[in-house]
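Visitor: Could you have a look at this structure, given as structure tokens, before my questions?
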Amino acid sequence: MGEVSKQLIDRVPVYNVFYALAANPESIDEVEIYQGSGPGHGVYWRQRLITREAILTDPELVIIIGQAIKIQEDIESR
């Protein structure tokens, strides 16, 4: 379960995601992610760190959320 909002920071879309995992729906977490590029024209989803104290989210979860955002944006653009 989650809610996504999009903002532009230095012309780069950053997605603010509030989510709860099905295993514990009462614990709501927040993560900011963005789409970056890498070698071989690949697309990589990364967590945006705002403070030094930021808690790192599991990188696999960041990738899954990013892929879901991309799928939804592709559907909406049709």
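Ligands are numbered from 1 in the order shown, residues from 1 within each chain, and chains are lettered A, B, ... in the order they appear in the structure tokens.
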Could you tell me, as a ChimeraX atom specification, which residues of chain A DSSP assigns to strand (DSSP E or B) when given the backbone?

Guide: /A:2-9,12-20,28-37,43-47

Visitor: Please produce an output containing N, CA and C atoms for each residue in the selection, written as a short mmCIF file (atom, residue, chain, number, x, y, z; two decimals), in the first residue's frame.

Guide:
data_model
loop_
_atom_site.label_atom_id
_atom_site.label_comp_id
_atom_site.auth_asym_id
_atom_site.auth_seq_id
_atom_site.Cartn_x
_atom_site.Cartn_y
_atom_site.Cartn_z
N GLY A 2 0.53 2.24 -0.75
CA GLY A 2 1.37 3.41 -0.77
C GLY A 2 0.71 4.60 -1.45
N GLU A 3 1.34 5.74 -1.24
CA GLU A 3 0.90 6.98 -1.87
C GLU A 3 2.14 7.66 -2.41
N VAL A 4 2.07 8.11 -3.65
CA VAL A 4 3.23 8.70 -4.32
C VAL A 4 2.91 10.11 -4.76
N SER A 5 3.82 11.03 -4.47
CA SER A 5 3.71 12.38 -5.02
C SER A 5 5.02 12.68 -5.75
N LYS A 6 4.90 13.52 -6.77
CA LYS A 6 6.06 13.82 -7.63
C LYS A 6 6.37 15.30 -7.53
N GLN A 7 7.66 15.60 -7.42
CA GLN A 7 8.11 16.99 -7.44
C GLN A 7 9.37 17.08 -8.28
N LEU A 8 9.64 18.26 -8.79
CA LEU A 8 10.87 18.47 -9.56
C LEU A 8 11.89 19.17 -8.68
N ILE A 9 13.07 18.58 -8.59
CA ILE A 9 14.18 19.19 -7.87
C ILE A 9 15.32 19.31 -8.87
N VAL A 12 14.77 17.45 -12.01
CA VAL A 12 14.78 15.99 -11.92
C VAL A 12 13.56 15.55 -11.13
N PRO A 13 12.73 14.65 -11.69
CA PRO A 13 11.57 14.17 -10.94
C PRO A 13 12.01 13.35 -9.72
N VAL A 14 11.51 13.74 -8.57
CA VAL A 14 11.76 13.02 -7.32
C VAL A 14 10.39 12.59 -6.79
N TYR A 15 10.29 11.34 -6.40
CA TYR A 15 9.02 10.77 -5.95
C TYR A 15 9.08 10.58 -4.45
N ASN A 16 8.13 11.20 -3.75
CA ASN A 16 8.01 11.05 -2.32
C ASN A 16 6.98 9.94 -2.08
N VAL A 17 7.41 8.86 -1.47
CA VAL A 17 6.57 7.67 -1.34
C VAL A 17 6.31 7.40 0.14
N PHE A 18 5.03 7.38 0.50
CA PHE A 18 4.60 6.90 1.82
C PHE A 18 4.08 5.50 1.60
N TYR A 19 4.55 4.54 2.37
CA TYR A 19 4.14 3.16 2.13
C TYR A 19 4.04 2.38 3.44
N ALA A 20 3.26 1.33 3.38
CA ALA A 20 3.16 0.36 4.47
C ALA A 20 3.25 -1.02 3.85
N ILE A 28 3.96 2.99 8.88
CA ILE A 28 4.06 3.75 7.64
C ILE A 28 5.46 4.36 7.56
N ASP A 29 6.12 4.12 6.45
CA ASP A 29 7.45 4.67 6.22
C ASP A 29 7.40 5.63 5.05
N GLU A 30 8.47 6.41 4.92
CA GLU A 30 8.57 7.38 3.83
C GLU A 30 9.95 7.25 3.19
N VAL A 31 9.98 7.34 1.87
CA VAL A 31 11.24 7.32 1.15
C VAL A 31 11.11 8.23 -0.06
N GLU A 32 12.18 8.94 -0.39
CA GLU A 32 12.23 9.73 -1.62
C GLU A 32 13.15 8.99 -2.58
N ILE A 33 12.65 8.77 -3.80
CA ILE A 33 13.45 8.07 -4.79
C ILE A 33 13.47 8.86 -6.10
N TYR A 34 14.47 8.57 -6.90
CA TYR A 34 14.58 9.20 -8.22
C TYR A 34 15.19 8.20 -9.18
N GLN A 35 14.97 8.48 -10.45
CA GLN A 35 15.47 7.61 -11.51
C GLN A 35 16.78 8.16 -12.01
N GLY A 36 17.80 7.33 -11.98
CA GLY A 36 19.11 7.75 -12.47
C GLY A 36 19.53 6.88 -13.64
N SER A 37 20.57 7.27 -14.29
CA SER A 37 21.07 6.46 -15.40
C SER A 37 22.40 5.85 -15.01
N VAL A 43 18.52 1.97 -16.45
CA VAL A 43 17.78 2.85 -15.55
C VAL A 43 17.94 2.28 -14.15
N TYR A 44 18.31 3.15 -13.24
CA TYR A 44 18.53 2.73 -11.86
C TYR A 44 17.71 3.62 -10.94
N TRP A 45 17.01 3.02 -10.02
CA TRP A 45 16.23 3.76 -9.03
C TRP A 45 17.06 3.86 -7.77
N ARG A 46 17.15 5.09 -7.25
CA ARG A 46 17.97 5.34 -6.07
C ARG A 46 17.18 6.11 -5.03
N GLN A 47 17.58 5.91 -3.78
CA GLN A 47 16.99 6.66 -2.70
C GLN A 47 17.67 8.01 -2.59
#

Visitor: What parts of chain A does DSSP call alpha helix (DSSP H)? I'd like the answer as a list in words.

Guide: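 Answer for chain A, restricted to alpha helix (DSSP H): Pro59, Glu60, Leu61, Val62, Ile63, Ile64, Ile65, Gly66, Gln67, Ala68, Ile69, Lys70, Ile71, Gln72, Glu73, Asp74, Ile75 and Glu76 of chain A.
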
Visitor: Keeping N, CA and C atoms, export the residues of the selection given above as a compact mmCIF listing (two decimals), in the first residue's frame.

Guide:
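See result-v6.txt below for the written result:
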# COMPACT_ATOMS: atom_id res chain seq x y z
N PRO A 59 17.55 -1.56 -0.90
CA PRO A 59 17.67 -1.18 -2.31
C PRO A 59 16.72 -1.96 -3.23
N GLU A 60 16.44 -3.20 -2.92
CA GLU A 60 15.51 -3.97 -3.74
C GLU A 60 14.10 -3.39 -3.66
N LEU A 61 13.70 -2.91 -2.48
CA LEU A 61 12.39 -2.28 -2.33
C LEU A 61 12.33 -0.99 -3.13
N VAL A 62 13.42 -0.21 -3.12
CA VAL A 62 13.47 1.03 -3.91
C VAL A 62 13.29 0.71 -5.39
N ILE A 63 13.94 -0.33 -5.87
CA ILE A 63 13.82 -0.72 -7.28
C ILE A 63 12.39 -1.15 -7.60
N ILE A 64 11.78 -1.93 -6.73
CA ILE A 64 10.40 -2.39 -6.96
C ILE A 64 9.44 -1.21 -7.00
N ILE A 65 9.58 -0.28 -6.06
CA ILE A 65 8.72 0.91 -6.04
C ILE A 65 8.94 1.72 -7.32
N GLY A 66 10.19 1.92 -7.71
CA GLY A 66 10.50 2.68 -8.92
C GLY A 66 9.91 2.04 -10.17
N GLN A 67 10.00 0.73 -10.28
CA GLN A 67 9.43 0.04 -11.43
C GLN A 67 7.91 0.19 -11.45
N ALA A 68 7.27 0.14 -10.29
CA ALA A 68 5.82 0.32 -10.22
C ALA A 68 5.43 1.74 -10.64
N ILE A 69 6.22 2.73 -10.23
CA ILE A 69 5.95 4.12 -10.64
C ILE A 69 6.08 4.23 -12.16
N LYS A 70 7.11 3.65 -12.74
CA LYS A 70 7.33 3.71 -14.19
C LYS A 70 6.17 3.06 -14.94
N ILE A 71 5.71 1.91 -14.47
CA ILE A 71 4.58 1.23 -15.11
C ILE A 71 3.34 2.13 -15.07
N GLN A 72 3.06 2.72 -13.90
CA GLN A 72 1.88 3.58 -13.77
C GLN A 72 1.99 4.80 -14.67
N GLU A 73 3.16 5.41 -14.75
CA GLU A 73 3.33 6.57 -15.62
C GLU A 73 3.17 6.20 -17.09
N ASP A 74 3.64 5.01 -17.49
CA ASP A 74 3.46 4.55 -18.86
C ASP A 74 1.98 4.34 -19.18
N ILE A 75 1.23 3.79 -18.24
CA ILE A 75 -0.21 3.60 -18.43
C ILE A 75 -0.92 4.94 -18.56
N GLU A 76 -0.57 5.90 -17.71
CA GLU A 76 -1.22 7.21 -17.74
C GLU A 76 -0.88 8.00 -18.99

Visitor: Suppose you want the space between CA of Arg11 (chain A) and CA of His41 (chain A); what is it in Å?

Guide: 19.7 Å
